[in-house]
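Structure file protein-v3.txt (compact mmCIF, C-alpha atoms) follows.
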# COMPACT_ATOMS: atom_id res chain seq x y z
CA MET A 2 89.16 140.17 76.51
CA GLN A 3 85.45 140.26 76.97
CA LEU A 4 83.48 137.98 79.25
CA ASN A 5 80.95 135.81 77.47
CA SER A 6 77.43 136.19 78.70
CA GLU A 7 75.54 133.13 79.84
CA THR A 8 72.87 132.05 77.41
CA THR A 9 70.99 129.93 79.90
CA PRO A 10 71.60 130.86 83.53
CA ASN A 11 70.33 127.76 85.26
CA VAL A 12 69.61 128.14 88.95
CA GLU A 13 69.08 124.41 89.46
CA ASN A 14 72.46 123.48 88.01
CA ARG A 15 74.13 126.13 90.07
CA GLU A 16 72.60 124.82 93.29
CA SER A 17 73.46 121.25 92.46
CA ASN A 18 77.05 122.33 91.79
CA MET A 19 77.23 124.21 95.10
CA GLU A 20 76.12 121.08 96.95
CA LEU A 21 78.68 118.98 95.11
CA ILE A 22 81.44 121.47 95.86
CA LYS A 23 80.38 121.57 99.52
CA LEU A 24 80.76 117.77 99.67
CA MET A 25 84.25 118.04 98.19
CA LYS A 26 85.22 120.99 100.37
CA ASP A 27 84.07 119.40 103.63
CA ARG A 28 85.81 116.11 102.97
CA ARG A 29 88.94 115.36 104.98
CA SER A 30 91.13 112.27 105.02
CA ILE A 31 90.31 110.24 108.13
CA ARG A 32 92.96 108.17 109.92
CA LYS A 33 91.13 107.42 113.20
CA TYR A 34 88.02 105.26 113.23
CA LYS A 35 85.37 104.20 115.71
CA SER A 36 84.90 100.48 116.19
CA THR A 37 81.21 100.89 115.18
CA PRO A 38 80.56 98.28 112.50
CA VAL A 39 79.75 99.31 108.94
CA SER A 40 77.26 97.05 107.17
CA LEU A 41 78.18 95.37 103.91
CA GLU A 42 75.06 96.98 102.42
CA LYS A 43 76.57 100.38 103.13
CA VAL A 44 79.89 99.32 101.64
CA TYR A 45 78.10 98.15 98.52
CA GLN A 46 76.22 101.42 98.30
CA ILE A 47 79.56 103.22 98.45
CA LEU A 48 81.20 101.00 95.84
CA GLU A 49 78.21 101.47 93.56
CA ALA A 50 79.64 104.97 92.95
CA GLY A 51 83.04 103.61 91.94
CA ARG A 52 81.69 101.46 89.16
CA TYR A 53 80.22 104.47 87.30
CA ALA A 54 83.62 106.05 86.68
CA PRO A 55 84.47 106.52 83.02
CA SER A 56 87.40 104.42 81.78
CA GLY A 57 89.56 103.90 78.71
CA ALA A 58 87.35 102.14 76.11
CA ASN A 59 84.88 101.51 78.98
CA LEU A 60 87.02 98.54 80.09
CA GLN A 61 86.44 99.31 83.81
CA PRO A 62 89.81 97.90 84.93
CA TRP A 63 89.07 98.23 88.68
CA ILE A 64 88.14 95.55 91.18
CA TYR A 65 87.36 96.00 94.86
CA ILE A 66 88.40 93.51 97.52
CA VAL A 67 86.31 94.17 100.61
CA VAL A 68 88.27 93.02 103.66
CA THR A 69 86.22 92.32 106.77
CA GLU A 70 88.20 89.47 108.36
CA GLU A 71 90.35 90.59 111.27
CA SER A 72 93.16 88.18 110.45
CA VAL A 73 93.41 89.49 106.88
CA LYS A 74 93.42 93.11 108.08
CA GLU A 75 96.16 92.24 110.57
CA ARG A 76 98.35 90.63 107.90
CA ILE A 77 97.85 93.62 105.63
CA ARG A 78 98.82 96.05 108.39
CA GLU A 79 101.87 93.99 109.33
CA GLU A 80 103.16 93.88 105.76
CA CYS A 81 102.38 97.56 105.12
CA GLU A 82 104.29 98.58 108.23
CA ARG A 83 107.19 96.34 107.20
CA VAL A 84 107.51 97.99 103.76
CA GLU A 85 107.03 101.47 105.22
CA ARG A 86 109.78 100.89 107.82
CA LYS A 87 112.07 99.82 104.99
CA PHE A 88 111.03 102.88 102.96
CA HIS A 89 111.69 105.24 105.88
CA ARG A 90 115.04 103.59 106.64
CA LYS A 91 116.23 103.99 103.06
CA ALA A 92 114.98 107.57 102.67
CA PRO A 93 117.61 110.35 102.31
CA GLU A 94 118.07 112.38 105.52
CA ARG A 95 116.30 115.47 104.16
CA PHE A 96 113.32 113.41 103.08
CA LYS A 97 113.28 111.72 106.51
CA ALA A 98 113.03 115.14 108.15
CA TRP A 99 110.21 116.08 105.79
CA LEU A 100 108.31 112.86 106.54
CA LYS A 101 108.66 113.57 110.27
CA GLU A 102 107.45 117.13 109.77
CA GLN A 103 104.41 115.78 107.89
CA GLY A 104 103.70 113.35 110.72
CA ILE A 105 104.13 110.40 108.35
CA THR A 106 105.35 107.33 110.24
CA PRO A 107 105.46 103.65 109.28
CA GLU A 108 102.66 102.94 111.77
CA LYS A 109 99.33 102.33 110.02
CA ARG A 110 96.84 101.77 112.85
CA PHE A 111 93.89 102.59 110.62
CA LEU A 112 94.45 99.33 108.73
CA THR A 113 93.24 97.33 111.71
CA GLU A 114 91.10 99.97 113.44
CA ALA A 115 88.76 100.66 110.53
CA PRO A 116 86.01 98.00 110.45
CA ILE A 117 86.38 97.61 106.67
CA LEU A 118 89.25 97.86 104.22
CA VAL A 119 88.62 98.15 100.52
CA VAL A 120 91.63 97.21 98.45
CA VAL A 121 91.24 98.72 94.99
CA ALA A 122 93.20 96.86 92.34
CA ALA A 123 93.42 97.34 88.58
CA TYR A 124 93.83 95.09 85.57
CA THR A 125 97.08 96.40 84.13
CA LYS A 126 96.46 95.21 80.57
CA ALA A 127 93.66 97.73 80.05
CA PRO A 128 94.59 101.09 78.49
CA TYR A 129 94.77 103.97 80.99
CA TRP A 130 94.25 101.48 83.84
CA LEU A 131 95.85 103.71 86.48
CA GLU A 132 94.09 106.90 85.40
CA SER A 133 90.67 105.21 85.16
CA THR A 134 91.09 103.54 88.53
CA TRP A 135 91.90 106.84 90.23
CA ILE A 136 88.70 108.33 88.83
CA SER A 137 86.89 105.35 90.32
CA ILE A 138 88.63 105.96 93.66
CA ALA A 139 87.66 109.66 93.56
CA TYR A 140 84.02 108.66 93.04
CA ILE A 141 84.28 106.32 96.04
CA LEU A 142 85.82 109.07 98.22
CA LEU A 143 82.83 111.31 97.56
CA SER A 144 80.37 108.50 98.13
CA VAL A 145 81.99 107.70 101.49
CA GLN A 146 81.69 111.37 102.46
CA SER A 147 78.05 111.59 101.41
CA GLN A 148 77.30 108.56 103.61
CA GLY A 149 78.76 110.29 106.67
CA LEU A 150 81.67 107.86 106.78
CA GLY A 151 85.39 108.46 106.56
CA THR A 152 88.30 107.13 104.52
CA VAL A 153 91.81 107.95 103.34
CA THR A 154 93.63 106.82 100.20
CA TYR A 155 96.71 104.88 101.20
CA THR A 156 99.12 103.32 98.73
CA PRO A 157 101.92 101.32 100.38
CA SER A 158 105.41 101.97 99.00
CA GLU A 159 105.40 98.35 97.73
CA THR A 160 102.24 96.45 96.90
CA SER A 161 103.08 92.95 95.66
CA PHE A 162 102.50 91.43 99.14
CA LEU A 163 98.84 92.35 98.67
CA ASN A 164 98.72 90.05 95.63
CA ASP A 165 99.90 87.21 97.92
CA ILE A 166 97.60 87.96 100.84
CA LEU A 167 94.51 88.47 98.68
CA GLY A 168 95.27 85.86 96.01
CA LEU A 169 95.34 88.56 93.32
CA PRO A 170 96.57 87.38 89.90
CA SER A 171 99.80 89.09 88.81
CA ASP A 172 98.09 91.10 86.07
CA TYR A 173 96.18 92.97 88.78
CA ARG A 174 98.04 95.76 90.56
CA PRO A 175 96.86 96.98 93.99
CA VAL A 176 96.37 100.73 93.57
CA ALA A 177 95.13 101.88 96.99
CA ILE A 178 93.80 100.68 100.31
CA LEU A 179 90.73 102.57 101.53
CA PRO A 180 89.87 102.00 105.20
CA ILE A 181 86.17 102.68 105.74
CA GLY A 182 84.51 103.52 109.03
CA TYR A 183 82.85 106.12 111.19
CA PRO A 184 85.35 108.92 111.90
CA ALA A 185 86.82 109.11 115.42
CA GLU A 186 88.41 112.45 114.54
CA ALA A 187 87.00 115.58 112.94
CA PRO A 188 89.87 117.42 111.28
CA SER A 189 88.83 120.84 110.01
CA PRO A 190 89.12 121.38 106.25
CA SER A 191 90.73 124.75 107.12
CA THR A 192 93.89 122.98 108.33
CA ARG A 193 94.47 121.62 104.83
CA PRO A 194 94.06 124.87 102.89
CA ARG A 195 93.90 124.72 99.13
CA LYS A 196 95.75 127.03 96.76
CA PRO A 197 93.48 129.81 95.47
CA LEU A 198 92.29 129.51 91.86
CA GLU A 199 94.39 132.59 90.93
CA GLN A 200 97.47 130.54 91.65
CA ILE A 201 96.58 127.46 89.64
CA VAL A 202 94.57 128.76 86.67
CA HIS A 203 96.35 130.19 83.63
CA LEU A 204 94.69 131.70 80.55
CA ASN A 205 95.83 130.41 77.15
CA ARG A 206 99.46 130.23 78.27
CA TYR A 207 101.39 129.27 81.41
CA GLY A 208 102.06 132.36 83.49
CA ASN A 209 99.10 134.37 82.18
CA LYS A 210 97.19 134.61 85.46
CA LEU A 211 93.69 135.88 86.13
CA GLU A 212 92.44 137.88 89.03
CA LEU A 213 89.35 136.89 90.94
CA ASP A 214 86.90 139.37 92.28
CA GLU A 215 86.12 138.01 95.71
CA LYS A 216 83.20 140.32 96.43
CA CYS A 217 80.86 137.75 94.96
CA GLU A 218 81.03 134.80 97.32
CA ASP A 219 79.28 132.05 95.42
CA TRP A 220 79.80 132.96 91.84
CA VAL A 221 83.31 133.70 90.83
CA ARG A 222 83.80 136.77 88.64
CA VAL A 223 86.84 137.00 86.47
CA ARG A 224 88.95 139.95 85.39
CA VAL A 225 91.97 139.66 83.16
CA ASN A 226 95.15 141.31 84.40
CA PRO A 227 96.09 144.39 82.37
CA MET B 22 78.94 85.31 107.79
CA GLN B 23 76.48 87.63 109.45
CA LEU B 24 75.48 91.05 108.18
CA ASN B 25 76.23 93.87 110.56
CA SER B 26 73.27 95.94 111.52
CA GLU B 27 73.40 99.69 111.00
CA THR B 28 73.71 101.62 114.20
CA THR B 29 72.58 104.92 112.73
CA PRO B 30 70.47 104.56 109.62
CA ASN B 31 70.61 108.08 108.26
CA VAL B 32 67.99 108.93 105.69
CA GLU B 33 69.63 112.24 104.79
CA ASN B 34 72.97 110.62 103.99
CA ARG B 35 71.25 107.99 101.94
CA GLU B 36 69.42 110.57 99.84
CA SER B 37 72.52 112.65 99.35
CA ASN B 38 74.36 109.51 98.19
CA MET B 39 71.55 108.63 95.78
CA GLU B 40 71.80 112.09 94.22
CA LEU B 41 75.55 111.80 93.93
CA ILE B 42 75.28 108.37 92.33
CA LYS B 43 72.64 109.67 89.92
CA LEU B 44 75.07 112.40 88.84
CA MET B 45 77.77 109.79 88.22
CA LYS B 46 75.39 107.37 86.52
CA ASP B 47 73.93 109.97 84.13
CA ARG B 48 77.29 111.33 83.08
CA ARG B 49 78.53 110.42 79.60
CA SER B 50 81.65 111.50 77.76
CA ILE B 51 80.73 114.20 75.23
CA ARG B 52 82.59 114.56 71.94
CA LYS B 53 80.20 116.91 70.08
CA TYR B 54 79.65 120.46 71.28
CA LYS B 55 77.38 123.36 70.46
CA SER B 56 79.09 126.64 69.55
CA THR B 57 77.19 128.31 72.44
CA PRO B 58 79.82 130.18 74.47
CA VAL B 59 80.64 129.15 78.04
CA SER B 60 81.47 132.02 80.36
CA LEU B 61 84.77 132.13 82.20
CA GLU B 62 82.75 132.44 85.41
CA LYS B 63 81.22 129.06 84.70
CA VAL B 64 84.62 127.57 83.94
CA TYR B 65 85.94 128.92 87.21
CA GLN B 66 82.97 127.49 89.06
CA ILE B 67 83.80 124.12 87.52
CA LEU B 68 87.50 124.32 88.32
CA GLU B 69 86.65 125.29 91.90
CA ALA B 70 85.73 121.60 92.33
CA GLY B 71 89.10 120.40 91.07
CA ARG B 72 91.10 122.29 93.62
CA TYR B 73 89.40 120.49 96.54
CA ALA B 74 90.79 117.09 95.56
CA PRO B 75 92.98 115.48 98.20
CA SER B 76 96.65 115.10 97.22
CA GLY B 77 99.89 113.56 98.47
CA ALA B 78 101.02 115.75 101.41
CA ASN B 79 98.40 118.31 100.26
CA LEU B 80 100.86 119.53 97.61
CA GLN B 81 98.07 120.02 95.02
CA PRO B 82 100.30 119.32 92.02
CA TRP B 83 97.66 120.26 89.41
CA ILE B 84 97.39 123.41 87.31
CA TYR B 85 94.67 124.28 84.82
CA ILE B 86 95.37 126.12 81.56
CA VAL B 87 92.07 127.50 80.29
CA VAL B 88 92.29 127.81 76.51
CA THR B 89 89.82 130.21 74.91
CA GLU B 90 91.87 131.55 71.97
CA GLU B 91 90.91 129.99 68.65
CA SER B 92 94.46 130.00 67.34
CA VAL B 93 95.73 128.10 70.39
CA LYS B 94 92.90 125.55 70.12
CA GLU B 95 93.74 125.08 66.45
CA ARG B 96 97.42 124.48 67.13
CA ILE B 97 96.54 121.99 69.87
CA ARG B 98 94.17 120.10 67.57
CA GLU B 99 96.73 120.05 64.76
CA GLU B 100 99.46 118.63 66.97
CA CYS B 101 97.13 116.14 68.65
CA GLU B 102 95.98 114.82 65.28
CA ARG B 103 99.59 114.61 64.13
CA VAL B 104 100.64 112.44 67.11
CA GLU B 105 97.47 110.34 66.86
CA ARG B 106 98.05 109.67 63.14
CA LYS B 107 101.57 108.54 64.01
CA PHE B 108 100.20 106.38 66.85
CA HIS B 109 97.60 104.76 64.58
CA ARG B 110 100.17 104.19 61.82
CA LYS B 111 102.56 102.44 64.19
CA ALA B 112 99.87 100.33 65.91
CA PRO B 113 99.94 96.53 65.36
CA GLU B 114 97.27 95.33 62.89
CA ARG B 115 95.08 93.72 65.56
CA PHE B 116 95.15 96.90 67.63
CA LYS B 117 94.30 98.92 64.52
CA ALA B 118 91.21 96.76 63.98
CA TRP B 119 90.24 97.26 67.62
CA LEU B 120 90.66 101.05 67.39
CA LYS B 121 88.45 101.06 64.29
CA GLU B 122 85.84 98.94 66.06
CA GLN B 123 85.87 101.43 68.96
CA GLY B 124 85.39 104.30 66.53
CA ILE B 125 88.70 105.83 67.65
CA THR B 126 90.27 107.84 64.83
CA PRO B 127 93.07 110.43 64.82
CA GLU B 128 90.50 113.15 64.14
CA LYS B 129 89.81 115.27 67.24
CA ARG B 130 87.17 117.77 66.14
CA PHE B 131 86.13 118.45 69.72
CA LEU B 132 89.43 120.25 70.32
CA THR B 133 88.32 123.14 68.12
CA GLU B 134 84.53 122.73 68.38
CA ALA B 135 84.29 123.02 72.17
CA PRO B 136 84.31 126.69 73.17
CA ILE B 137 86.79 126.02 75.98
CA LEU B 138 89.65 123.60 76.51
CA VAL B 139 91.09 122.99 79.94
CA VAL B 140 94.56 121.49 79.83
CA VAL B 141 95.26 119.86 83.18
CA ALA B 142 98.97 119.58 83.91
CA ALA B 143 100.82 118.31 86.96
CA TYR B 144 104.04 119.19 88.75
CA THR B 145 105.94 115.94 88.46
CA LYS B 146 108.21 116.50 91.46
CA ALA B 147 105.30 116.13 93.91
CA PRO B 148 104.67 112.66 95.37
CA TYR B 149 101.69 110.85 93.81
CA TRP B 150 101.35 113.67 91.25
CA LEU B 151 99.55 111.51 88.68
CA GLU B 152 97.16 109.90 91.16
CA SER B 153 96.29 113.20 92.85
CA THR B 154 95.73 114.91 89.52
CA TRP B 155 93.31 112.22 88.36
CA ILE B 156 91.27 112.72 91.53
CA SER B 157 91.20 116.42 90.68
CA ILE B 158 90.07 115.57 87.13
CA ALA B 159 87.33 113.27 88.48
CA TYR B 160 86.06 116.13 90.67
CA ILE B 161 86.00 118.39 87.60
CA LEU B 162 84.10 115.78 85.54
CA LEU B 163 81.33 115.72 88.14
CA SER B 164 81.26 119.49 88.43
CA VAL B 165 80.90 119.81 84.64
CA GLN B 166 78.00 117.36 84.75
CA SER B 167 76.26 119.16 87.61
CA GLN B 168 76.47 122.40 85.59
CA GLY B 169 74.63 120.81 82.65
CA LEU B 170 77.77 120.96 80.51
CA GLY B 171 79.75 118.21 78.83
CA THR B 172 83.35 117.06 78.66
CA VAL B 173 85.57 114.07 77.91
CA THR B 174 89.01 113.23 79.26
CA TYR B 175 91.46 113.07 76.39
CA THR B 176 95.15 112.33 76.81
CA PRO B 177 97.13 112.52 73.55
CA SER B 178 99.55 109.65 72.93
CA GLU B 179 102.40 112.19 73.24
CA THR B 180 102.11 115.39 75.25
CA SER B 181 105.39 117.34 75.09
CA PHE B 182 104.10 119.57 72.25
CA LEU B 183 101.62 120.97 74.78
CA ASN B 184 104.57 122.20 76.86
CA ASP B 185 105.75 124.14 73.79
CA ILE B 186 102.35 125.53 72.78
CA LEU B 187 101.39 126.56 76.32
CA GLY B 188 104.84 127.58 77.57
CA LEU B 189 104.70 124.91 80.27
CA PRO B 190 107.97 124.38 82.19
CA SER B 191 109.44 120.91 81.68
CA ASP B 192 108.70 119.82 85.25
CA TYR B 193 104.98 120.08 84.44
CA ARG B 194 103.45 117.18 82.54
CA PRO B 195 100.18 117.63 80.62
CA VAL B 196 97.86 114.95 81.98
CA ALA B 197 94.59 115.48 80.09
CA ILE B 198 92.75 117.89 77.84
CA LEU B 199 89.14 118.53 78.88
CA PRO B 200 87.00 120.23 76.21
CA ILE B 201 84.12 122.03 77.90
CA GLY B 202 80.87 123.06 76.25
CA TYR B 203 77.15 122.50 75.90
CA PRO B 204 76.57 118.97 74.55
CA ALA B 205 75.45 118.66 70.91
CA GLU B 206 74.83 114.94 71.45
CA ALA B 207 72.97 113.04 74.16
CA PRO B 208 74.46 109.57 74.35
CA SER B 209 72.48 107.29 76.64
CA PRO B 210 74.31 105.93 79.68
CA SER B 211 72.79 102.53 78.79
CA THR B 212 75.07 102.25 75.75
CA ARG B 213 78.12 102.24 78.03
CA PRO B 214 76.95 99.58 80.48
CA ARG B 215 78.95 99.03 83.64
CA LYS B 216 79.93 95.64 85.04
CA PRO B 217 77.60 94.60 87.87
CA LEU B 218 79.01 94.81 91.40
CA GLU B 219 78.90 90.99 91.67
CA GLN B 220 81.57 90.85 89.03
CA ILE B 221 83.99 93.36 90.52
CA VAL B 222 83.60 92.97 94.29
CA HIS B 223 85.42 90.18 96.12
CA LEU B 224 85.18 89.39 99.83
CA ASN B 225 88.47 89.03 101.75
CA ARG B 226 90.12 87.20 98.85
CA TYR B 227 90.14 87.42 95.06
CA GLY B 228 87.55 85.04 93.62
CA ASN B 229 85.30 85.01 96.69
CA LYS B 230 82.27 86.64 95.10
CA LEU B 231 79.09 87.90 96.69
CA GLU B 232 75.58 87.75 95.39
CA LEU B 233 73.34 90.77 95.30
CA ASP B 234 69.68 90.64 96.08
CA GLU B 235 68.15 92.78 93.38
CA LYS B 236 64.64 92.87 94.84
CA CYS B 237 65.53 96.04 96.67
CA GLU B 238 66.20 98.60 93.99
CA ASP B 239 67.81 101.45 95.88
CA TRP B 240 69.51 99.76 98.75
CA VAL B 241 71.68 96.87 97.86
CA ARG B 242 71.32 93.79 100.09
CA VAL B 243 74.12 91.34 100.28
CA ARG B 244 74.14 87.57 100.67
CA VAL B 245 77.33 85.55 100.88
CA ASN B 246 77.55 82.57 98.55
CA PRO B 247 77.37 79.25 100.40

Any chance you could put this one into structure tokens?
Amino acid sequence: MQLNSETTPNVENRESNMELIKLMKDRRSIRKYKSTPVSLEKVYQILEAGRYAPSGANLQPWIYIVVTEESVKERIREECERVERKFHRKAPERFKAWLKEQGITPEKRFLTEAPILVVVAAYTKAPYWLESTWISIAYILLSVQSQGLGTVTYTPSETSFLNDILGLPSDYRPVAILPIGYPAEAPSPSTRPRKPLEQIVHLNRYGNKLELDEKCEDWVRVRVNP
Amino acid sequence: MQLNSETTPNVENRESNMELIKLMKDRRSIRKYKSTPVSLEKVYQILEAGRYAPSGANLQPWIYIVVTEESVKERIREECERVERKFHRKAPERFKAWLKEQGITPEKRFLTEAPILVVVAAYTKAPYWLESTWISIAYILLSVQSQGLGTVTYTPSETSFLNDILGLPSDYRPVAILPIGYPAEAPSPSTRPRKPLEQIVHLNRYGNKLELDEKCEDWVRVRVNP
């Protein structure tokens, strides 16, 4: 197989892509937050990103409930920890060991420590509501990062209590809770290593792997295995 | 309610966020492609973005099958059109009318016209495999855009034939097909308008809407309804 040659090598595009990839690469999930307040203006600027996600038939099934009231955050945390305790209790022993190993406990301090929670919910009668809403969430994750703030996507193992607490109609499903705040931890991206492209890219058929030439740092060169 | 004041107004973050939002805002789904080839290097650069998505327990359930062979693209298109024809035939009359109104037909020319197809599949035994994979797809969408290329997320109404064509083990589920190529159409973002934030953001409880002050173009100011 022969490599196609670029018809229009575009330096500007390449630089813009490098910046985008840097944003993605540097992002880490944040679970510890400073008490520093985050303005609603900033939250709106972040959510502005989410609304530009593409969606099935452009129906934009997502809504964002911005939670700033302490009492609401406390109720959410209480209920989340209740369902997570239940989930952990019912888990098979091997899974329990795995959860422990991953450091996953029912305690969700970030739900009250972060100054803001954004509950993302979706209108379940729209086509591809879950898929579209996760694109919207991905856009929000990057927007949070570009603002120098932190977040983590957290989906409780049950979610219907959020409909009660937030007065959400039953045709809306809570999809994730995103705490938003200034990070009080700085986990290194290197401690969450990603699989190399060689491992996850296949050419024309599963199992037909490519080899990457790593001499070129920025611009990946490709060679097909003999 | 009082607006919190920013403790650290950061001009750099704000600009980086504006650029990111511009990328998201300008992006449109592309269904017509030039025959101009796209190099595998460029495809790899694009997929580099996808692998940085966060995932449940960092299990990175996604794989990418890069399809460059004409015969494979043709088989994929044939099977996709077959399942879409079946889907359209079985659809209730009202839904049929809606599909027609949306311009959605069983014909999927982009599957052979785009020089490259990326079939994104996910390992369904990983927790949150679908959610994580859609974050990965969102990252790829933005990377495609920043490279000056076009794509659209297309999920056929049935997907198991892709396992056969691509030799995908049964514990991998095809999640979306992303054609990748230079756009042969330039749809305006204004023809796919997004709902305003006022309509989709709620404060502390569903139905408690906010009003946006639109005097300030870049930086959204917020006022709580009396």

Neighbours of chain A in chain B at 7 Å, counting all atoms listed in the file, as a count of residues only: 53

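Relative to atom CA of B:Glu102, atom CA of B:Glu206 is found at 22.0 Å.
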
Which residue of A:Tyr173, A:Thr106, A:Leu211, A:Lys97 approaches A:Ala127 most closely, using only C-alpha atoms: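 Under the stated criterion, the closest residue is A:Tyr173.
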
Residue contacts of A:Lys35 (7 Å, all atoms listed in the file) excluding same-chain residues fewer than 2 positions away, as a ChimeraX atom specification: /A:37,182-185

Please, could you write that set of residues out with C-alpha atoms as a PDB file, in the coordinates of the input?
ATOM      1  CA  THR A  37      81.210 100.890 115.180  1.00  0.00           C
ATOM      2  CA  GLY A 182      84.510 103.520 109.030  1.00  0.00           C
ATOM      3  CA  TYR A 183      82.850 106.120 111.190  1.00  0.00           C
ATOM      4  CA  PRO A 184      85.350 108.920 111.900  1.00  0.00           C
ATOM      5  CA  ALA A 185      86.820 109.110 115.420  1.00  0.00           C
TER       6      ALA A 185
END

Gap from atom CA of B:Ser211 to atom CA of B:Arg115 - Å, one decimal: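 Between atom CA of B:Ser211 and atom CA of B:Arg115 the gap works out to 27.4 Å.
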
Within-9 Å shell of (106.9, 117.8, 81.2) in input frame, only C-alpha atoms, as number ranges by chain: B: 142-145, 180-181, 183-184, 189-195

Distance in Å - atom CA of A:Glu85 versus atom CA of A:Tyr34: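 Going from atom CA of A:Glu85 over to atom CA of A:Tyr34, I get 21.0 Å.
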